[in-house]
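Beneath this line is the structure, given in structure tokens, with notes to follow.
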Amino acid sequence: MLWTTWLGLAAAILGTGKSAAADTVYRDPDTGLVFTSNFELYKSDGHGITVRIAIPDNVQSYTAFDAVIQMVIPNEVGWAGLAWGGSMTNNPLLVAWRGTSNNAVLSPRWASSHVQPQPYSGAQYTLFKTGTKTNATHTQFTALCKGCTSWTASDGSTRYLSPRGGNRLAFAYSPTRPASPNSPTSSLSIHEVVGYWQHDFSQAANANFEATVSKLVS
Ligand code: HEM
């Protein structure tokens with residue numbers, strides 16, 4: 001019995017997802033933005049979460065820059081997590097799920113250790129009406145993030161994502177919906193699957209990023 005319990009716990013912690021398709025360029029007909037897109041499997045039967053990133057083309061390395069995140073999440077998912085720094089601890093996390101009115105709920109979080117991440121005020125997300133939608137099978141959201149591409153590491157140094165090359169991102173999947181599905185500060189249960197991939201930011205560069213985004217936020 002104890003052995004079975006430990007096996008279950010090990011599976012919960014060690015389950016890892018797979019990248020099904022690496023870095024496709026996606027020209028979004030709704031928002032007009034160009035994204036690089038990765039599809040991360042959380043089940044071997046082909047179910048996965050799509051993560052897309054769009055950034056401005058005029059940013060220097062080692063600076064903080066705005067980014068637009070678009071995720072497509074199957075409705076069976078309880079919550080989906082994105083780690084901008086590619087690991088659970090000490091980087092901006094985004095946890096997203098479907099609220100009770102079929103809306104997307106975005107919850108910026110931070111974890112200093114491998115326990116439930118707490119709300120994080122260093123990253124601000126602005127959800128776009130355009131590019132955010134739900135149907136019978138999937139929920140998609142599109143949001144601007146300020147504060148996702150730079151943060152303070154545990155040793156006090158500042159970390160920056162590269163606007164030119166690949167950045168290691170991570171995702172987490174839980175089949176269990178948050179306890180208070182309409183509250184971004186809801187408690188969360190642990191993931192069943194986590195995974196990593198290199199996400200290409202160079203092909204995510206948008207020449208008219210600011211102008212396009214300013215229309216989407218208004
Ligand atoms: C109740 C919430 C959560 C709990 C209790 C929890 C706990 C844990 C534990 C115990 C591990 C294993 C650590 C190890 O192997 O040493 C882990 C790994 C991981 N978790 Fe979480 N986690 C939670 C939420 C999240 C969220 C929201 C994300 C992403 C947005 C996330 C991303 C990861 C990743 C990427 C790993 C792989 C190891 C690493 O990169 O540190 N977790 N988590």
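So you can find residues: chains in the structure tokens are A, B, ... in the order shown, residues in each start at 1, and ligands are numbered from 1 in order.
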
*Tell me, which residues of segment 97-161 of chain A carry DSSP strand (DSSP E or B), written as a VMD selection string?*
chain A and resid 97 to 98 104 to 110 118 to 119 124 to 127 133 to 134 138 to 146 150 to 152 158 to 160

Counting only C-alpha atoms and all ligand atoms, give me one row per residue of chain A with an atom at most 8 Å from an atom of ligand 1, showing the shortest contact pair and its distance in Å to one decimal, sorted by chain then residue number, as a tab-separated table.
```
residue	atom	partner	partner_atom_place_in_ligand_line	distance
A:Ile13	CA	ligand 1	12 (C)	5.1
A:Leu14	CA	ligand 1	15 (O)	6.5
A:Ala80	CA	ligand 1	30 (C)	7.1
A:Gly81	CA	ligand 1	30 (C)	3.5
A:Leu82	CA	ligand 1	30 (C)	4.3
A:Ala83	CA	ligand 1	30 (C)	4.9
A:Gly86	CA	ligand 1	35 (C)	6.3
A:Ser87	CA	ligand 1	40 (O)	3.2
A:Met88	CA	ligand 1	33 (C)	3.9
A:Thr89	CA	ligand 1	41 (O)	5.6
A:Leu93	CA	ligand 1	30 (C)	4.6
A:Leu94	CA	ligand 1	30 (C)	5.3
A:Val95	CA	ligand 1	30 (C)	5.4
A:Arg109	CA	ligand 1	27 (C)	7.2
A:Ala111	CA	ligand 1	25 (C)	7.9
A:His114	CA	ligand 1	8 (C)	4.4
A:Val115	CA	ligand 1	5 (C)	4.1
A:Gln116	CA	ligand 1	2 (C)	3.6
A:Pro117	CA	ligand 1	2 (C)	5.8
A:Ala170	CA	ligand 1	35 (C)	5.0
A:Phe171	CA	ligand 1	29 (C)	5.7
A:Ala172	CA	ligand 1	29 (C)	5.0
A:Tyr173	CA	ligand 1	28 (C)	8.0
A:Ser187	CA	ligand 1	1 (C)	7.1
A:Leu188	CA	ligand 1	1 (C)	4.6
A:Ser189	CA	ligand 1	1 (C)	4.3
A:Ile190	CA	ligand 1	1 (C)	4.1
A:His191	CA	ligand 1	23 (C)	6.0
A:Val194	CA	ligand 1	35 (C)	5.3
A:Gly195	CA	ligand 1	35 (C)	6.2
A:Tyr196	CA	ligand 1	35 (C)	7.0
```

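Across the model, the gap from atom CA of Asp66 of chain A to atom CA of Ala123 of chain A is 10.3 Å.
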
*Restricting the calculation to only C-alpha atoms, which member of A:Asn91, A:Gln70, A:Thr152, A:Ser112 is positioned closest to Lys133 of chain A?*
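Under the stated criterion, the closest residue is A:Gln70.
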
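For the choices A:Leu127, A:Leu216, A:Tyr120, A:Pro181, the atom-to-atom distance to Asn102 of chain A is smallest for A:Pro181 when using only C-alpha atoms.
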
_For Tyr160 of chain A, find every residue with an atom within 8 Å (counting only C-alpha atoms), except residues of its own chain fewer than 3 positions away, and show them as a list in words._
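The filter keeps Ser61, Tyr62, Thr63, Ala64, Thr149, Ser150 and Trp151 of chain A.
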
_12 Å contact set for Thr100 of chain A, only C-alpha atoms, chain neighbours under 6 positions out, as a PyMOL selection string_ = chain A and resi 75+134+177-183

*Selected residue of minimal separation from Val217 of chain A among A:Thr139, A:Thr132, A:Thr126, A:Asn90, counting only C-alpha atoms*: A:Thr126

Closest pair table for segment 113-184 of chain A residues within 9 Å of segment 197-212 of chain A, only C-alpha atoms, as a Markdown table:
```
| residue | atom | partner | partner_atom | distance |
| --- | --- | --- | --- | --- |
| A:Leu161 | CA | A:Phe201 | CA | 8.9 |
| A:Ser162 | CA | A:Phe201 | CA | 7.2 |
| A:Pro163 | CA | A:Phe201 | CA | 5.5 |
| A:Arg164 | CA | A:Ser202 | CA | 4.3 |
| A:Gly165 | CA | A:Ser202 | CA | 5.1 |
| A:Gly166 | CA | A:Asp200 | CA | 4.2 |
| A:Asn167 | CA | A:His199 | CA | 5.3 |
| A:Arg168 | CA | A:Gln198 | CA | 4.4 |
| A:Leu169 | CA | A:Trp197 | CA | 5.7 |
| A:Ala170 | CA | A:Trp197 | CA | 6.4 |
| A:Phe171 | CA | A:Trp197 | CA | 8.7 |
```

Please produce a file of the residues just selected, as a short mmCIF file (atom, residue, chain, number, x, y, z; two decimals), in the first residue's frame, where the atoms kept are N, CA, C and O atoms.
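Writing done, so here's result-v5.cif:
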```
data_model
loop_
_atom_site.label_atom_id
_atom_site.label_comp_id
_atom_site.auth_asym_id
_atom_site.auth_seq_id
_atom_site.Cartn_x
_atom_site.Cartn_y
_atom_site.Cartn_z
N LEU A 161 15.32 37.28 -20.49
CA LEU A 161 15.15 36.38 -21.62
C LEU A 161 15.81 37.02 -22.84
O LEU A 161 15.92 38.24 -22.94
N SER A 162 16.24 36.18 -23.77
CA SER A 162 16.87 36.69 -24.98
C SER A 162 15.80 36.99 -26.03
O SER A 162 15.00 36.12 -26.37
N PRO A 163 15.79 38.23 -26.58
CA PRO A 163 14.84 38.51 -27.65
C PRO A 163 15.30 37.96 -29.00
O PRO A 163 14.57 38.02 -29.98
N ARG A 164 16.52 37.42 -29.06
CA ARG A 164 17.09 37.02 -30.35
C ARG A 164 17.10 35.51 -30.56
O ARG A 164 17.10 35.03 -31.68
N GLY A 165 17.17 34.74 -29.48
CA GLY A 165 17.37 33.31 -29.68
C GLY A 165 16.34 32.48 -28.95
O GLY A 165 15.20 32.89 -28.77
N GLY A 166 16.76 31.28 -28.52
CA GLY A 166 15.86 30.39 -27.81
C GLY A 166 15.93 30.61 -26.31
O GLY A 166 16.99 30.91 -25.77
N ASN A 167 14.80 30.51 -25.66
CA ASN A 167 14.74 30.56 -24.20
C ASN A 167 14.09 29.28 -23.71
O ASN A 167 13.09 28.83 -24.28
N ARG A 168 14.63 28.73 -22.62
CA ARG A 168 14.01 27.53 -22.06
C ARG A 168 12.78 27.94 -21.26
O ARG A 168 12.88 28.68 -20.29
N LEU A 169 11.63 27.46 -21.69
CA LEU A 169 10.38 27.67 -20.96
C LEU A 169 9.95 26.32 -20.38
O LEU A 169 10.46 25.28 -20.78
N ALA A 170 9.02 26.37 -19.43
CA ALA A 170 8.49 25.13 -18.86
C ALA A 170 6.98 25.26 -18.74
O ALA A 170 6.45 26.37 -18.63
N PHE A 171 6.29 24.11 -18.79
CA PHE A 171 4.87 24.15 -18.54
C PHE A 171 4.53 23.14 -17.44
O PHE A 171 5.32 22.26 -17.10
#
```

*Give me, please, the distance in Å between atom CA of Trp97 of chain A and atom CA of Ile53 of chain A, quoted to one decimal.*
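Atom CA of Ile53 of chain A lies at a distance of 18.0 Å from atom CA of Trp97 of chain A.
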